[in-house]
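Source file: entry_25.txt (compact mmCIF, C-alpha atoms)
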```txt
# COMPACT_ATOMS: atom_id res chain seq x y z
CA MET L 157 0.00 0.00 0.00
CA THR L 158 1.21 3.48 -0.90
CA VAL L 159 -0.11 6.58 0.82
CA ILE L 160 -0.41 9.63 -1.42
CA VAL L 161 -0.48 12.92 0.48
CA ILE L 162 -1.96 15.71 -1.65
CA SER L 163 -1.17 19.28 -0.66
CA GLY L 164 -0.62 22.68 -2.23
CA GLY L 165 -3.32 23.54 -4.73
CA LEU L 166 -4.24 27.02 -5.90
CA SER L 167 -6.21 28.41 -2.96
CA HIS L 168 -5.11 31.33 -0.79
CA GLU L 169 -4.02 28.72 1.76
CA ARG L 170 -1.51 26.98 -0.51
CA ASP L 171 1.53 27.69 1.70
CA ILE L 172 -0.21 26.40 4.83
CA SER L 173 -1.37 23.31 2.93
CA LEU L 174 2.20 22.53 1.85
CA LEU L 175 3.40 22.80 5.44
CA SER L 176 0.59 20.53 6.66
CA GLY L 177 1.26 17.99 3.91
CA ARG L 178 4.98 17.89 4.59
CA ARG L 179 4.44 17.31 8.31
CA VAL L 180 1.91 14.51 7.75
CA THR L 181 4.20 12.91 5.16
CA GLN L 182 7.13 12.88 7.55
CA ALA L 183 4.99 11.45 10.36
CA LEU L 184 3.64 8.63 8.15
CA ARG L 185 7.13 7.77 6.92
CA ARG L 186 8.40 7.57 10.48
CA ALA L 187 5.48 5.21 11.16
CA GLY L 188 6.74 2.93 8.39
CA HIS L 189 4.50 3.86 5.46
CA THR L 190 5.53 4.32 1.87
CA VAL L 191 4.44 7.87 1.09
CA VAL L 192 4.34 9.89 -2.11
CA GLU L 193 3.72 13.64 -2.00
CA SER L 194 1.81 15.34 -4.80
CA ASP L 195 0.52 18.77 -5.68
CA VAL L 196 -2.62 19.31 -7.77
CA GLY L 197 -2.04 19.31 -11.52
CA THR L 198 -2.28 17.29 -14.71
CA GLU L 199 0.07 14.65 -13.33
CA LEU L 200 -2.15 13.83 -10.33
CA VAL L 201 -4.73 11.53 -11.96
CA PRO L 202 -2.08 9.48 -13.83
CA LEU L 203 -0.21 9.13 -10.53
CA LEU L 204 -3.34 7.93 -8.76
CA GLN L 205 -4.16 5.45 -11.54
CA SER L 206 -0.63 4.06 -11.84
CA THR L 207 0.00 3.59 -8.12
CA PRO L 208 -0.89 0.08 -6.91
CA ASP L 209 -3.42 0.02 -4.08
CA PRO L 210 -3.22 3.73 -3.11
CA VAL L 211 -4.83 5.49 -0.17
CA VAL L 212 -5.01 9.29 -0.37
CA VAL L 213 -4.62 11.76 2.47
CA PRO L 214 -5.99 15.12 1.21
CA MET L 215 -4.19 17.94 3.00
CA LEU L 216 -5.50 20.70 0.75
CA HIS L 217 -6.91 23.68 2.63
CA GLY L 218 -9.51 26.07 1.27
CA GLY L 219 -11.16 25.69 -2.12
CA MET L 220 -10.88 22.40 -4.05
CA GLY L 221 -9.49 20.63 -1.00
CA GLU L 222 -12.27 21.34 1.48
CA ASP L 223 -15.11 22.19 -0.91
CA GLY L 224 -15.47 18.55 -1.92
CA ALA L 225 -14.22 18.87 -5.51
CA LEU L 226 -11.11 16.70 -5.20
CA ARG L 227 -12.92 14.21 -3.00
CA GLU L 228 -15.60 13.78 -5.67
CA VAL L 229 -12.86 12.95 -8.18
CA LEU L 230 -11.30 10.43 -5.79
CA GLY L 231 -14.70 8.80 -5.37
CA LEU L 232 -15.17 8.73 -9.14
CA LEU L 233 -11.83 6.96 -9.52
CA GLY L 234 -12.68 4.51 -6.74
CA ILE L 235 -9.67 5.52 -4.64
CA PRO L 236 -10.06 5.39 -0.85
CA PHE L 237 -9.18 8.57 1.02
CA VAL L 238 -9.02 9.94 4.54
CA GLY L 239 -11.70 12.39 5.63
CA ALA L 240 -15.20 13.48 4.74
CA GLY L 241 -16.78 12.70 1.38
CA GLY L 242 -17.47 15.25 -1.32
CA SER L 243 -21.02 16.27 -0.40
CA ALA L 244 -20.30 16.51 3.34
CA SER L 245 -17.18 18.57 2.62
CA ARG L 246 -19.17 21.01 0.49
CA LEU L 247 -21.72 21.34 3.26
CA ALA L 248 -19.16 22.01 5.98
CA PHE L 249 -17.08 24.36 3.84
CA ASP L 250 -19.95 26.81 3.35
CA LYS L 251 -20.29 28.36 6.80
CA ALA L 252 -23.71 29.87 6.08
CA ILE L 253 -25.22 26.51 5.14
CA ALA L 254 -23.32 24.53 7.78
CA THR L 255 -24.60 26.85 10.50
CA LYS L 256 -28.21 26.22 9.45
CA VAL L 257 -27.67 22.44 9.48
CA VAL L 258 -26.12 22.57 12.94
CA ALA L 259 -28.94 24.81 14.18
CA HIS L 260 -31.50 22.36 12.77
CA ALA L 261 -29.86 19.67 14.91
CA GLY L 262 -30.74 21.75 17.98
CA LEU L 263 -27.22 23.01 18.68
CA GLY L 264 -26.08 26.51 19.60
CA VAL L 265 -25.10 28.76 16.68
CA THR L 266 -24.38 32.43 16.07
CA ASN L 267 -26.99 34.96 15.00
CA GLN L 268 -25.85 35.66 11.45
CA VAL L 269 -26.82 36.93 8.02
CA ALA L 270 -25.35 35.70 4.72
CA LEU L 271 -24.98 38.59 2.28
CA PRO L 272 -24.12 37.94 -1.40
CA HIS L 273 -21.98 40.60 -3.05
CA ASP L 274 -24.43 41.30 -5.89
CA ILE L 275 -27.27 41.98 -3.42
CA PHE L 276 -24.98 44.21 -1.36
CA ARG L 277 -24.04 46.16 -4.49
CA GLU L 278 -27.46 46.42 -6.14
CA LEU L 279 -29.65 47.20 -3.14
CA GLY L 280 -27.44 49.87 -1.66
CA ALA L 281 -24.70 49.38 0.90
CA PRO L 282 -25.62 52.13 3.44
CA ALA L 283 -29.18 50.90 4.05
CA LEU L 284 -28.09 47.28 4.35
CA MET L 285 -25.28 48.11 6.75
CA GLN L 286 -27.64 50.07 8.97
CA ALA L 287 -30.08 47.15 8.99
CA LEU L 288 -27.30 44.70 9.85
CA GLY L 289 -26.20 46.77 12.81
CA GLU L 290 -29.74 47.19 14.09
CA ARG L 291 -30.63 43.52 13.75
CA LEU L 292 -27.42 41.87 14.96
CA GLY L 293 -25.91 44.50 17.24
CA TYR L 294 -22.27 45.56 17.45
CA PRO L 295 -19.60 44.32 17.69
CA LEU L 296 -19.90 42.20 14.55
CA MET L 297 -17.73 39.56 12.95
CA VAL L 298 -17.44 39.66 9.15
CA LYS L 299 -15.98 36.75 7.17
CA PRO L 300 -16.25 34.98 3.82
CA SER L 301 -18.77 32.17 3.75
CA ARG L 302 -16.36 29.87 1.92
CA SER L 303 -12.79 30.34 3.09
CA GLY L 304 -10.44 29.13 5.79
CA SER L 305 -7.56 30.25 8.02
CA ALA L 306 -9.59 33.36 8.94
CA LEU L 307 -8.69 34.93 5.60
CA GLY L 308 -10.90 37.97 5.03
CA ALA L 309 -12.26 37.83 8.58
CA GLN L 310 -12.51 41.00 10.66
CA MET L 311 -14.24 42.18 13.81
CA VAL L 312 -15.95 45.58 13.54
CA SER L 313 -17.44 47.82 16.20
CA ASP L 314 -19.33 50.40 14.13
CA GLN L 315 -20.96 51.01 10.76
CA GLU L 316 -18.01 53.02 9.47
CA THR L 317 -15.71 50.00 9.47
CA LEU L 318 -18.38 47.51 8.40
CA ALA L 319 -18.17 48.47 4.72
CA THR L 320 -14.39 48.00 4.65
CA ALA L 321 -14.72 44.63 6.34
CA LEU L 322 -17.32 43.49 3.81
CA VAL L 323 -15.08 44.50 0.89
CA GLY L 324 -12.28 42.50 2.50
CA ALA L 325 -14.50 39.44 2.87
CA TYR L 326 -15.72 39.68 -0.74
CA ALA L 327 -12.10 39.48 -1.89
CA TYR L 328 -12.23 35.81 -0.88
CA GLY L 329 -15.66 34.86 -2.20
CA PRO L 330 -19.05 36.09 -3.41
CA VAL L 331 -20.87 35.66 -0.08
CA ALA L 332 -20.00 37.31 3.23
CA ILE L 333 -21.29 36.32 6.64
CA VAL L 334 -22.07 39.00 9.18
CA GLU L 335 -22.70 37.73 12.68
CA HIS L 336 -22.89 39.08 16.20
CA PHE L 337 -19.52 38.78 17.90
CA ILE L 338 -19.83 36.50 20.91
CA GLU L 339 -17.91 37.35 24.05
CA GLY L 340 -16.35 34.29 25.61
CA THR L 341 -13.58 31.74 25.27
CA GLU L 342 -12.68 30.54 21.79
CA VAL L 343 -11.90 26.83 21.65
CA ALA L 344 -11.26 24.23 18.99
CA VAL L 345 -12.28 20.61 19.45
CA THR L 346 -10.85 17.89 17.25
CA VAL L 347 -13.12 14.93 16.54
CA LEU L 348 -11.44 11.62 15.78
CA GLN L 349 -12.90 8.35 14.56
CA SER L 350 -11.59 5.04 15.85
CA GLY L 351 -13.26 2.08 14.20
CA LYS L 352 -16.94 2.93 14.21
CA ASP L 353 -16.64 5.07 17.34
CA VAL L 354 -16.24 8.85 17.30
CA ARG L 355 -14.76 10.85 20.17
CA ALA L 356 -13.80 14.42 20.93
CA LEU L 357 -10.23 15.13 21.99
CA PRO L 358 -9.34 17.67 24.70
CA PRO L 359 -10.50 21.18 23.71
CA VAL L 360 -7.76 23.66 22.83
CA GLU L 361 -8.25 27.18 24.21
CA ILE L 362 -7.12 30.00 21.92
CA ARG L 363 -5.69 33.19 23.42
CA PRO L 364 -4.54 35.55 20.65
CA ALA L 365 -2.45 38.51 21.82
CA SER L 366 -4.43 40.81 19.50
CA GLY L 367 -7.76 39.62 20.85
CA VAL L 368 -8.83 38.24 17.45
CA TYR L 369 -7.71 34.87 16.06
CA ASP L 370 -6.98 36.09 12.52
CA TYR L 371 -4.55 34.78 9.89
CA GLU L 372 -1.52 36.42 11.48
CA ALA L 373 -2.46 35.14 14.93
CA ARG L 374 -2.84 31.63 13.53
CA TYR L 375 0.44 31.29 11.72
CA THR L 376 2.89 33.66 13.41
CA ALA L 377 4.79 31.89 16.15
CA GLY L 378 4.24 33.57 19.52
CA SER L 379 1.19 35.57 18.43
CA THR L 380 -1.24 33.25 20.17
CA ARG L 381 -1.13 31.23 23.35
CA PHE L 382 -2.81 27.83 23.34
CA VAL L 383 -3.98 26.03 26.46
CA THR L 384 -4.84 22.33 26.32
CA PRO L 385 -7.16 21.33 27.79
CA ALA L 386 -8.97 24.66 27.85
CA GLU L 387 -9.18 26.32 31.27
CA LEU L 388 -12.93 26.01 31.61
CA PRO L 389 -15.21 24.32 34.15
CA ASP L 390 -15.64 20.59 33.60
CA GLU L 391 -19.27 21.10 32.57
CA ALA L 392 -18.26 23.58 29.86
CA LEU L 393 -15.50 21.29 28.60
CA GLU L 394 -17.93 18.39 28.32
CA ALA L 395 -20.50 20.58 26.59
CA ALA L 396 -17.88 21.73 24.07
CA GLN L 397 -16.92 18.15 23.30
CA GLU L 398 -20.56 17.14 22.94
CA LEU L 399 -21.20 20.03 20.54
CA ALA L 400 -18.19 19.03 18.45
CA VAL L 401 -19.28 15.40 18.06
CA ALA L 402 -22.91 16.37 17.42
CA SER L 403 -21.86 18.91 14.76
CA HIS L 404 -19.53 16.36 13.15
CA GLU L 405 -22.38 13.90 12.90
CA ALA L 406 -25.01 16.44 11.81
CA LEU L 407 -22.79 17.49 8.90
CA GLY L 408 -22.13 13.89 7.88
CA LEU L 409 -18.36 14.04 8.45
CA ARG L 410 -16.06 11.10 9.00
CA HIS L 411 -12.59 10.15 10.23
CA LEU L 412 -11.34 13.56 11.35
CA SER L 413 -12.66 17.09 11.78
CA ARG L 414 -12.08 20.15 13.89
CA VAL L 415 -15.02 22.16 15.20
CA ASP L 416 -14.35 25.77 16.19
CA MET L 417 -16.63 27.40 18.73
CA VAL L 418 -16.96 30.05 21.41
CA VAL L 419 -17.94 29.13 24.94
CA ASN L 420 -19.96 32.16 26.04
CA THR L 421 -19.98 33.73 29.48
CA ALA L 422 -22.83 31.41 30.50
CA GLY L 423 -20.68 28.37 29.72
CA GLU L 424 -22.63 27.46 26.57
CA PRO L 425 -20.67 26.40 23.46
CA ILE L 426 -21.66 28.18 20.24
CA PHE L 427 -20.75 26.63 16.86
CA LEU L 428 -18.63 28.75 14.50
CA GLU L 429 -17.45 26.35 11.81
CA ALA L 430 -16.26 22.82 11.04
CA ASN L 431 -13.05 21.94 9.22
CA VAL L 432 -12.71 18.73 7.21
CA ALA L 433 -8.95 19.14 6.63
CA PRO L 434 -7.58 20.67 9.83
CA GLY L 435 -4.15 22.22 9.61
CA MET L 436 -1.21 20.14 10.77
CA THR L 437 1.49 22.81 10.98
CA ASP L 438 3.61 23.59 14.04
CA THR L 439 1.07 26.23 15.12
CA SER L 440 -2.07 24.27 14.22
CA LEU L 441 -4.68 23.22 16.76
CA SER L 442 -5.37 19.55 16.07
CA PRO L 443 -1.77 18.41 16.71
CA LEU L 444 -2.03 20.08 20.14
CA ALA L 445 -5.16 18.02 20.82
CA PHE L 446 -3.37 14.85 19.66
CA GLU L 447 -0.54 15.55 22.09
CA ALA L 448 -2.94 16.21 24.97
CA ALA L 449 -4.61 12.86 24.24
CA ASP L 450 -1.21 11.08 24.19
CA LEU L 451 -1.47 10.48 20.44
CA SER L 452 1.26 11.04 17.88
CA LEU L 453 0.66 12.51 14.44
CA GLY L 454 1.94 9.31 12.87
CA SER L 455 -0.30 7.02 14.90
CA VAL L 456 -3.39 9.15 14.19
CA PHE L 457 -2.90 9.20 10.43
CA SER L 458 -1.85 5.56 10.32
CA SER L 459 -5.16 4.62 11.93
CA LEU L 460 -7.08 6.94 9.56
CA VAL L 461 -5.36 5.40 6.54
CA ASP L 462 -6.44 1.97 7.80
CA LEU L 463 -10.01 3.21 8.22
CA ALA L 464 -10.07 4.60 4.69
CA ARG L 465 -8.60 1.42 3.26
CA GLY L 466 -11.22 -0.62 5.13
CA GLY L 467 -14.08 1.49 3.81
CA LEU L 468 -15.12 2.85 7.21
```
Here is the file; what I need is its structure written in the form of C-alpha cells.
Amino acid sequence: MTVIVISGGLSHERDISLLSGRRVTQALRRAGHTVVESDVGTELVPLLQSTPDPVVVPMLHGGMGEDGALREVLGLLGIPFVGAGGSASRLAFDKAIATKVVAHAGLGVTNQVALPHDIFRELGAPALMQALGERLGYPLMVKPSRSGSALGAQMVSDQETLATALVGAYAYGPVAIVEHFIEGTEVAVTVLQSGKDVRALPPVEIRPASGVYDYEARYTAGSTRFVTPAELPDEALEAAQELAVASHEALGLRHLSRVDMVVNTAGEPIFLEANVAPGMTDTSLSPLAFEAADLSLGSVFSSLVDLARGGL
C-alpha cells in the first residue's frame, strides 16, 4: 500500500497546505508507510491510476481541497481517502449553510446573516449596513462564507468599518457572513474516529495577543497562546466536546474534523465552523489536541489510513 499525500493547490491557503502535507508525510514515513507527495495538476490523476493500491490523504486547505471537488474525483476513480466525502465537505465548507444544518440539529449557533456581493451592491450598501447593525448589534464579525484560516475575517465595532470589512470578505468569495460577535472563550475541538466510534479530543483554548484569532495570529509563532485542555469548568469542557461530536455527525463528516466554537460567558458552546482538513502545521490546533490525548501525528494518520482502506 502506498499513501499519497496531496497538498498545495491554488487556494489562498496553498503555503499552509504545503506545510501541513509535509508534516503529515514525515509522520507517516516515520510510522513505516511508503508515502508519495503530490501537488494538484495534470500529473495527479495518472499518478493515482498508476500507483498500486493507493490510499489518499488530502491535505488541501480552502477551495478544491475542502469544498469537496477533489474528493468527488477520488470517489469517481474509486480511490479510498481519509476524511469526509465530497457532499459533506461542500456542506461544511460553506459556513452559512453549515450553520443552518447545525442549528436544525438543535445546537447553539451564532446569529448571522449571509450577504451575497451582488445583493450588497445592487440594493445599496448604506441601508443594508444600517439594517445589519440594528438587527445583529455591534460588535460584529465579518468573514467569507467559503474560506479558511480566517482569511478575510474582521471584527468591527461600528458602521463606518463595516463596509471596509465586507469589501475584505468579498475578496475571498461572493458571499460574506455578518454575525454578532460573541464574548467568551474561543476553543477548537478535534473529533477523531476510531473504528466505528467517534470521540472528541481535549479542547484547545485560543488566546490571541491581539484579541482576534486572525490569519496572522494563527500562523505567526508567539502571536497566540494555546492552552490544552482549555481552562474552563468541567461542565463547559464536556458541553464543548458534545457540541463538536454532534456537529460532526449532523454534517455527515467522518474520520477527522475540527469544530471551532466560542464558549460564552454562561458556559454554553456556540458553533462557529467545522473543518474537514484541519491544519497540521507547528502552530495548528489539532496536533495540540493529539498531544494532549497522548497520540502522535503518525499514529493518528496511520489509523485513519487503515479506516479509509477498510471502507469505514
List as a ChimeraX atom specification the protein and nucleic acid residues near range 276-285 of chain L, meaning an atom at most 8 Å away when only C-alpha atoms are counted, but skip any in the same chain fewer than 6 places from it. /L:315,318-319
One-decimal distance in Å that lies between CA of Val415 in chain L and CA of Glu387 in chain L: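 Here the two named atoms are 17.6 Å from each other.
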Of the candidates L:Leu468, L:Val201, L:Ala309, L:Ala386, which one gets nearest to Gly329 in chain L if we count only C-alpha atoms? L:Ala309
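Nearest residue to Ala259 in chain L among L:Thr341, L:Ser403, L:Asn420, L:Thr437 is L:Ser403, counting all atoms listed in the file.
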L:Asp462, L:Glu199, L:Asp209, L:Asp274 ranked by distance to Pro330 in chain L, top pick (using only C-alpha atoms):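 Of L:Asp462, L:Glu199, L:Asp209, L:Asp274, the one nearest Pro330 in chain L, counting only C-alpha atoms, is L:Asp274.
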Separation of CA of Pro300 in chain L from CA of Thr198 in chain L in Å: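 Atom-to-atom, CA of Thr198 in chain L and CA of Pro300 in chain L are spaced 29.2 Å apart.
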So that each row is one residue of range 236-297 of chain L with an atom at most 12 Å from range 221-232 of chain L, can you give its shortest atom pair and the distance in Å to one decimal, using all atoms listed in the file, rows by chain and rising number, as a tab-separated table?
```
residue	atom	partner	partner_atom	distance
L:Pro236	CA	L:Leu230	CA	7.2
L:Phe237	CA	L:Leu230	CA	7.4
L:Val238	CA	L:Arg227	CA	9.5
L:Gly239	CA	L:Arg227	CA	8.9
L:Ala240	CA	L:Arg227	CA	8.1
L:Gly241	CA	L:Arg227	CA	6.0
L:Gly242	CA	L:Gly224	CA	3.9
L:Ser243	CA	L:Gly224	CA	6.2
L:Ala244	CA	L:Gly224	CA	7.4
L:Ser245	CA	L:Gly224	CA	4.9
L:Arg246	CA	L:Asp223	CA	4.5
L:Leu247	CA	L:Asp223	CA	7.9
L:Ala248	CA	L:Asp223	CA	8.0
L:Phe249	CA	L:Asp223	CA	5.6
L:Asp250	CA	L:Asp223	CA	7.9
L:Lys251	CA	L:Asp223	CA	11.2
```
How far is it from CA of Arg186 in chain L to CA of Leu409 in chain L, in Å with one decimal? 27.6 Å
First collect every listed atom of range 235-252 of chain L; then fit an axis-aligned box around them, widen it by 8 Å on each side, and give centre and edge lengths in Å to one decimal, as lines of an AutoDock Vina configuration file.
```
center_x = -16.4
center_y = 17.6
center_z = 1.1
size_x = 30.7
size_y = 40.5
size_z = 27.4
```
Go through L:Ala325, L:Ala306, L:Val180, L:Leu407 and flag the residue nearest Tyr371 in chain L, using all atoms listed in the file for the distances.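 Closest to Tyr371 in chain L, using all atoms listed in the file: L:Ala306.
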